[in-house]
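Printed here is start-v7.cif (mmCIF, C-alpha atoms):
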```cif
data_start
loop_
_atom_site.label_atom_id
_atom_site.label_comp_id
_atom_site.auth_asym_id
_atom_site.auth_seq_id
_atom_site.Cartn_x
_atom_site.Cartn_y
_atom_site.Cartn_z
CA MET D 1 104.36 76.54 68.78
CA ILE D 2 103.59 75.29 72.31
CA PHE D 3 106.47 77.38 73.68
CA MET D 4 105.12 80.52 72.02
CA THR D 5 101.62 79.95 73.41
CA ARG D 6 102.92 79.36 76.93
CA THR D 7 105.14 82.42 76.70
CA ARG D 8 102.20 84.60 75.63
CA ALA D 9 99.99 83.15 78.35
CA PHE D 10 102.66 83.77 80.98
CA GLY D 11 103.09 87.33 79.70
CA LEU D 12 99.35 87.97 79.90
CA ILE D 13 99.15 86.63 83.44
CA THR D 14 102.16 88.73 84.47
CA VAL D 15 100.62 91.90 83.02
CA LEU D 16 97.33 91.26 84.82
CA ALA D 17 99.11 90.61 88.11
CA VAL D 18 101.19 93.79 87.88
CA ALA D 19 98.16 95.87 86.85
CA GLY D 20 96.31 94.66 89.93
CA CYS D 21 99.11 95.94 92.18
CA ALA D 22 98.42 99.62 91.52
CA GLU D 23 97.06 100.95 94.77
CA LEU D 24 96.39 104.13 96.65
CA GLU D 25 98.34 105.22 99.69
CA PRO D 26 98.06 102.93 102.71
CA LEU D 27 94.97 103.33 104.85
CA THR D 28 97.16 104.56 107.73
CA GLU D 29 97.95 107.64 105.61
CA TYR D 30 94.43 108.22 104.27
CA ARG D 31 92.92 111.57 105.25
CA PRO D 32 89.43 112.70 104.31
CA VAL D 33 89.28 116.24 102.94
CA VAL D 34 87.77 118.78 105.34
CA ASP D 35 87.70 122.56 105.57
CA PRO D 36 90.39 123.35 108.18
CA GLU D 37 88.74 126.72 108.93
CA ARG D 38 85.52 124.98 110.04
CA THR D 39 87.07 121.94 111.70
CA ASN D 40 88.37 121.43 115.22
CA MET D 41 91.68 119.89 114.10
CA PRO D 42 92.73 118.30 117.42
CA ARG D 43 89.32 116.57 117.62
CA PHE D 44 89.58 115.66 113.93
CA GLU D 45 92.95 113.96 114.50
CA ARG D 46 91.60 111.97 117.50
CA ASP D 47 88.53 110.89 115.56
CA LEU D 48 90.61 110.04 112.49
CA LYS D 49 92.84 107.74 114.53
CA ALA D 50 89.79 105.93 115.97
CA CYS D 51 88.07 105.64 112.57
CA ARG D 52 91.23 104.32 110.92
CA ALA D 53 91.42 101.58 113.56
CA VAL D 54 87.91 100.43 112.65
CA ALA D 55 88.69 100.63 108.92
CA LEU D 56 91.96 98.68 109.29
CA GLN D 57 89.99 95.72 110.63
CA VAL D 58 87.53 96.04 107.74
CA GLU D 59 90.45 96.19 105.29
CA ALA D 60 91.99 93.01 106.72
CA ASP D 61 88.64 91.22 106.35
CA TYR D 62 88.22 92.49 102.76
CA ARG D 63 91.74 91.39 101.79
CA GLN D 64 91.19 87.91 103.15
CA ARG D 65 87.94 87.60 101.19
CA GLN D 66 89.66 88.98 98.07
CA GLN D 67 92.40 86.36 98.23
CA GLU D 68 89.92 83.55 98.75
CA GLN D 69 87.72 84.75 95.87
CA MET D 70 90.66 85.25 93.50
CA GLY D 71 91.93 81.74 94.22
CA ALA D 72 88.49 80.29 93.51
CA ASN D 73 88.12 82.34 90.30
CA ILE D 74 91.55 81.31 89.01
CA MET D 75 90.96 77.62 89.72
CA ALA D 76 87.53 77.69 88.08
CA GLY D 77 88.96 79.51 85.04
CA LEU D 78 91.88 77.09 84.84
CA VAL D 79 89.66 74.01 84.87
CA LEU D 80 87.01 75.44 82.54
CA GLY D 81 89.64 76.78 80.13
CA ALA D 82 91.53 73.48 80.02
CA ILE D 83 88.34 71.52 79.39
CA THR D 84 87.23 73.94 76.68
CA GLY D 85 90.65 73.84 75.03
CA ALA D 86 90.68 70.04 75.10
CA VAL D 87 87.15 69.78 73.67
CA VAL D 88 87.78 72.35 70.93
CA GLY D 89 91.07 70.69 70.00
CA GLY D 90 89.72 67.14 70.30
CA GLY D 91 91.22 64.81 67.72
CA THR D 92 93.78 67.32 66.41
CA ASN D 93 97.54 67.46 66.72
CA TYR D 94 97.13 70.66 68.71
CA GLN D 95 94.88 69.30 71.47
CA GLY D 96 97.51 69.68 74.22
CA GLU D 97 98.44 73.14 73.03
CA LEU D 98 94.81 74.26 72.93
CA ALA D 99 94.19 72.82 76.39
CA ALA D 100 97.22 74.74 77.73
CA TYR D 101 96.09 77.93 76.00
CA GLY D 102 92.55 77.44 77.32
CA ALA D 103 93.87 76.88 80.84
CA ALA D 104 96.02 80.03 80.68
CA SER D 105 93.15 82.08 79.25
CA GLY D 106 90.81 80.74 81.90
CA MET D 107 93.25 81.63 84.66
CA ALA D 108 93.60 85.16 83.29
CA ALA D 109 89.83 85.53 83.03
CA GLY D 110 89.46 84.21 86.57
CA ALA D 111 91.96 86.75 87.86
CA ALA D 112 90.25 89.56 85.92
CA ALA D 113 86.87 88.61 87.39
CA ASN D 114 88.16 89.97 90.68
CA ASP D 115 87.59 93.67 89.77
CA TYR D 116 84.59 94.18 92.06
CA THR D 117 86.42 92.73 95.04
CA HIS D 118 89.49 94.85 94.25
CA ASP D 119 87.31 97.99 94.28
CA LEU D 120 85.82 96.91 97.61
CA VAL D 121 89.27 96.33 99.13
CA THR D 122 90.67 99.57 97.73
CA TYR D 123 87.83 101.95 98.52
CA GLY D 124 85.66 100.16 101.11
CA PRO D 125 87.87 100.89 104.14
CA ARG D 126 88.26 104.52 103.05
CA ARG D 127 84.48 104.76 102.87
CA VAL D 128 84.36 103.40 106.42
CA VAL D 129 86.75 106.16 107.55
CA ASP D 130 84.69 108.84 105.79
CA ARG D 131 81.37 107.59 107.17
CA CYS D 132 82.83 107.21 110.65
CA MET D 133 84.16 110.76 110.54
CA ALA D 134 80.82 112.08 109.26
CA GLU D 135 79.00 110.25 112.05
CA ARG D 136 81.31 111.99 114.51
CA GLY D 137 80.19 115.36 113.16
CA HIS D 138 82.87 116.19 110.60
CA THR D 139 81.87 117.52 107.17
CA ILE D 140 83.70 115.48 104.54
CA LEU D 141 84.28 117.40 101.29
CA ASN D 142 85.64 114.62 99.07
CA ASP D 143 83.68 111.85 97.34
CA ILE D 144 83.11 109.21 99.98
CA GLY D 145 86.09 106.84 100.00
CA ARG D 146 88.07 108.72 97.37
CA GLY D 147 90.02 111.16 99.61
#
```
Let me see the file written as C-alpha coordinates.
Amino acid sequence: MIFMTRTRAFGLITVLAVAGCAELEPLTEYRPVVDPERTNMPRFERDLKACRAVALQVEADYRQRQQEQMGANIMAGLVLGAITGAVVGGGTNYQGELAAYGAASGMAAGAAANDYTHDLVTYGPRRVVDRCMAERGHTILNDIGRG
(Lines of atoms letter the chains of each structure in order from A and count residues from 1; the text may use other names and numbers.)
(Lines give C-alpha, C1' and ligand atoms only; values in the text may rest on other atoms or scores of the structure.)
Protein backbone atom coordinates (compact mmCIF):
# COMPACT_ATOMS: atom_id res chain seq x y z
CA MET A 1 0.00 0.00 0.00
CA ILE A 2 2.85 2.41 0.83
CA PHE A 3 4.44 1.71 -2.56
CA MET A 4 1.20 2.53 -4.37
CA THR A 5 0.78 5.82 -2.48
CA ARG A 6 4.37 6.87 -3.18
CA THR A 7 4.01 5.93 -6.83
CA ARG A 8 0.85 8.03 -7.17
CA ALA A 9 2.45 10.95 -5.35
CA PHE A 10 5.52 10.78 -7.58
CA GLY A 11 3.27 10.64 -10.65
CA LEU A 12 1.32 13.69 -9.50
CA ILE A 13 4.50 15.66 -8.85
CA THR A 14 5.89 14.66 -12.25
CA VAL A 15 2.71 15.75 -14.05
CA LEU A 16 2.74 19.12 -12.26
CA ALA A 17 6.41 19.67 -13.09
CA VAL A 18 5.92 18.86 -16.79
CA ALA A 19 2.79 21.02 -17.01
CA GLY A 20 4.75 23.96 -15.62
CA CYS A 21 7.31 23.63 -18.43
CA ALA A 22 4.95 24.74 -21.19
CA GLU A 23 6.21 28.12 -22.26
CA LEU A 24 6.00 30.64 -25.04
CA GLU A 25 8.84 31.38 -27.42
CA PRO A 26 11.97 32.83 -25.82
CA LEU A 27 11.94 36.54 -25.10
CA THR A 28 14.70 37.04 -27.67
CA GLU A 29 12.19 35.99 -30.36
CA TYR A 30 9.19 37.91 -28.98
CA ARG A 31 7.81 40.54 -31.36
CA PRO A 32 4.91 42.84 -30.56
CA VAL A 33 2.32 43.07 -33.32
CA VAL A 34 2.37 46.36 -35.23
CA ASP A 35 0.95 47.59 -38.52
CA PRO A 36 3.93 47.43 -40.91
CA GLU A 37 2.30 50.03 -43.19
CA ARG A 38 2.29 52.62 -40.38
CA THR A 39 5.59 51.67 -38.74
CA ASN A 40 9.14 52.75 -39.52
CA MET A 41 10.54 49.20 -39.53
CA PRO A 42 14.26 50.05 -39.21
CA ARG A 43 13.46 52.21 -36.15
CA PHE A 44 11.14 49.48 -34.85
CA GLU A 45 13.93 46.90 -35.04
CA ARG A 46 16.39 49.20 -33.20
CA ASP A 47 13.85 49.97 -30.50
CA LEU A 48 12.87 46.31 -30.20
CA LYS A 49 16.48 45.30 -29.60
CA ALA A 50 16.84 47.94 -26.86
CA CYS A 51 13.51 47.03 -25.22
CA ARG A 52 14.34 43.32 -25.25
CA ALA A 53 17.60 44.06 -23.42
CA VAL A 54 15.66 45.78 -20.64
CA ALA A 55 13.10 42.95 -20.52
CA LEU A 56 15.79 40.24 -20.42
CA GLN A 57 17.08 41.71 -17.16
CA VAL A 58 13.53 41.82 -15.80
CA GLU A 59 13.02 38.20 -16.87
CA ALA A 60 16.19 37.08 -15.07
CA ASP A 61 15.01 38.83 -11.90
CA TYR A 62 11.52 37.27 -12.18
CA ARG A 63 12.96 33.77 -12.70
CA GLN A 64 15.18 34.07 -9.65
CA ARG A 65 12.21 35.16 -7.53
CA GLN A 66 10.09 32.35 -9.00
CA GLN A 67 12.64 29.71 -8.03
CA GLU A 68 12.98 31.10 -4.52
CA GLN A 69 9.21 31.26 -4.05
CA MET A 70 8.63 27.77 -5.44
CA GLY A 71 11.25 26.31 -3.10
CA ALA A 72 9.63 28.02 -0.12
CA ASN A 73 6.13 26.86 -1.18
CA ILE A 74 7.25 23.26 -1.66
CA MET A 75 9.04 23.12 1.70
CA ALA A 76 6.08 24.65 3.52
CA GLY A 77 3.69 22.22 1.79
CA LEU A 78 5.97 19.28 2.56
CA VAL A 79 6.18 20.10 6.27
CA LEU A 80 2.51 21.00 6.67
CA GLY A 81 1.39 17.94 4.69
CA ALA A 82 3.60 15.58 6.69
CA ILE A 83 2.37 17.01 9.99
CA THR A 84 -1.26 16.81 8.88
CA GLY A 85 -0.81 13.23 7.65
CA ALA A 86 0.84 12.23 10.92
CA VAL A 87 -1.88 13.87 13.04
CA VAL A 88 -4.73 12.41 10.99
CA GLY A 89 -3.15 8.96 11.06
CA GLY A 90 -2.11 9.17 14.71
CA GLY A 91 -2.38 5.83 16.49
CA THR A 92 -3.18 3.82 13.34
CA ASN A 93 -1.16 1.28 11.41
CA TYR A 94 -1.16 3.69 8.48
CA GLN A 95 0.42 6.68 10.24
CA GLY A 96 3.66 6.55 8.21
CA GLU A 97 1.77 6.07 4.98
CA LEU A 98 -0.56 8.98 5.71
CA ALA A 99 2.40 11.20 6.65
CA ALA A 100 4.11 10.31 3.35
CA TYR A 101 0.90 10.95 1.41
CA GLY A 102 0.39 14.24 3.25
CA ALA A 103 3.96 15.29 2.51
CA ALA A 104 3.59 14.46 -1.20
CA SER A 105 0.24 16.25 -1.39
CA GLY A 106 1.67 19.25 0.41
CA MET A 107 4.62 19.40 -1.98
CA ALA A 108 2.27 19.25 -4.97
CA ALA A 109 0.07 21.98 -3.49
CA GLY A 110 3.15 24.08 -2.78
CA ALA A 111 4.31 23.72 -6.38
CA ALA A 112 0.82 24.55 -7.68
CA ALA A 113 0.68 27.70 -5.54
CA ASN A 114 3.28 29.15 -7.88
CA ASP A 115 0.77 30.01 -10.68
CA TYR A 116 0.84 33.78 -10.12
CA THR A 117 4.62 33.88 -10.22
CA HIS A 118 4.64 31.71 -13.35
CA ASP A 119 2.29 34.19 -15.07
CA LEU A 120 4.56 37.05 -14.01
CA VAL A 121 7.66 35.30 -15.38
CA THR A 122 5.93 34.28 -18.60
CA TYR A 123 4.15 37.51 -19.48
CA GLY A 124 5.82 40.22 -17.36
CA PRO A 125 8.92 40.67 -19.55
CA ARG A 126 6.77 40.70 -22.69
CA ARG A 127 4.68 43.43 -21.11
CA VAL A 128 7.91 45.35 -20.49
CA VAL A 129 8.80 45.04 -24.19
CA ASP A 130 5.33 46.20 -25.26
CA ARG A 131 5.28 49.16 -22.86
CA CYS A 132 8.82 50.13 -23.81
CA MET A 133 7.91 50.05 -27.49
CA ALA A 134 4.75 52.08 -26.86
CA GLU A 135 6.76 54.65 -24.90
CA ARG A 136 9.05 54.95 -27.92
CA GLY A 137 6.07 55.85 -30.08
CA HIS A 138 5.08 52.51 -31.61
CA THR A 139 1.40 51.50 -31.71
CA ILE A 140 1.13 47.97 -30.34
CA LEU A 141 -1.87 46.05 -31.71
CA ASN A 142 -1.75 42.92 -29.55
CA ASP A 143 -2.89 42.54 -25.94
CA ILE A 144 -0.05 43.87 -23.83
CA GLY A 145 2.41 41.04 -23.17
CA ARG A 146 0.58 38.47 -25.27
CA GLY A 147 2.24 39.08 -28.68
Point to revise | Distance query 12 Å from (88.0, 120.8, 110.4) using all atoms listed in the file, result as a list in words | key: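 With a cut-off of 12 Å, the residues come to Arg31, Pro32, Val33, Val34, Asp35, Pro36, Glu37, Arg38, Thr39, Asn40, Met41, Pro42, Arg43, Phe44, Glu45, Arg46, Asp47, Leu48, Met133, Ala134, Arg136, Gly137, His138, Thr139, Ile140 and Leu141 of chain D.
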Exercise for review: Please provide as a PyMOL selection string all residues within 12 Å of segment 25-30 of chain D, with the sequence filter that same-chain residues fewer than 3 positions apart are discarded (counting all atoms listed in the file).
Suggested key: chain D and resi 21-22+33+45+48-60+121-130+145-147
Review point. So what do you get for atom CA of Gln69 of chain D versus atom CA of Arg131 of chain D, distance-wise?
Key: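 One can read the atom CA of Gln69 of chain D to atom CA of Arg131 of chain D distance as 26.3 Å.
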Box for segment 60-75 of chain D - axis-aligned, 6 Å on each of the six sides, all listed atoms - centre and size in Å to one decimal, as JSON.
```
{"center_x": 90.1, "center_y": 85.3, "center_z": 97.9, "size_x": 16.7, "size_y": 27.4, "size_z": 29.7}
```
Review point. Which distance in Å separates atom CA of Ile83 of chain D and atom CA of Ser105 of chain D, to one decimal?
Key: 11.6 Å
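Using all atoms listed in the file, the shortest contact distance between Cys132 of chain D and any of D:Ile144, D:Tyr62, D:Thr84, D:Met75 is found at D:Ile144.
Between atom CA of Ala100 of chain D and atom CA of Gln66 of chain D the interatomic distance comes to 26.0 Å.
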Output requested as an mmCIF file, in the coordinates of the input - segment 33-44 of chain D, filled out with N, CA and C atoms.
```
data_model
loop_
_atom_site.group_PDB
_atom_site.id
_atom_site.type_symbol
_atom_site.label_atom_id
_atom_site.label_comp_id
_atom_site.auth_asym_id
_atom_site.auth_seq_id
_atom_site.Cartn_x
_atom_site.Cartn_y
_atom_site.Cartn_z
ATOM 1 N N VAL D 33 89.118 114.806 103.162
ATOM 2 C CA VAL D 33 89.280 116.240 102.940
ATOM 3 C C VAL D 33 88.218 116.981 103.742
ATOM 4 N N VAL D 34 88.669 117.929 104.555
ATOM 5 C CA VAL D 34 87.770 118.780 105.340
ATOM 6 C C VAL D 34 88.223 120.223 105.206
ATOM 7 N N ASP D 35 87.362 121.135 105.570
ATOM 8 C CA ASP D 35 87.700 122.560 105.570
ATOM 9 C C ASP D 35 88.376 122.858 106.916
ATOM 10 N N PRO D 36 89.684 123.135 106.908
ATOM 11 C CA PRO D 36 90.390 123.350 108.180
ATOM 12 C C PRO D 36 89.890 124.573 108.953
ATOM 13 N N GLU D 37 89.270 125.530 108.257
ATOM 14 C CA GLU D 37 88.740 126.720 108.930
ATOM 15 C C GLU D 37 87.469 126.407 109.726
ATOM 16 N N ARG D 38 86.778 125.334 109.371
ATOM 17 C CA ARG D 38 85.520 124.980 110.040
ATOM 18 C C ARG D 38 85.630 123.681 110.829
ATOM 19 N N THR D 39 86.863 123.218 111.044
ATOM 20 C CA THR D 39 87.070 121.940 111.700
ATOM 21 C C THR D 39 87.945 122.106 112.931
ATOM 22 N N ASN D 40 87.552 121.481 114.021
ATOM 23 C CA ASN D 40 88.370 121.430 115.220
ATOM 24 C C ASN D 40 89.443 120.380 114.947
ATOM 25 N N MET D 41 90.647 120.814 114.573
ATOM 26 C CA MET D 41 91.680 119.890 114.100
ATOM 27 C C MET D 41 92.171 118.905 115.165
ATOM 28 N N PRO D 42 92.340 119.309 116.427
ATOM 29 C CA PRO D 42 92.730 118.300 117.420
ATOM 30 C C PRO D 42 91.667 117.184 117.556
ATOM 31 N N ARG D 43 90.399 117.569 117.553
ATOM 32 C CA ARG D 43 89.320 116.570 117.620
ATOM 33 C C ARG D 43 89.309 115.722 116.352
ATOM 34 N N PHE D 44 89.529 116.370 115.205
ATOM 35 C CA PHE D 44 89.580 115.660 113.930
ATOM 36 C C PHE D 44 90.665 114.579 113.966
#
```
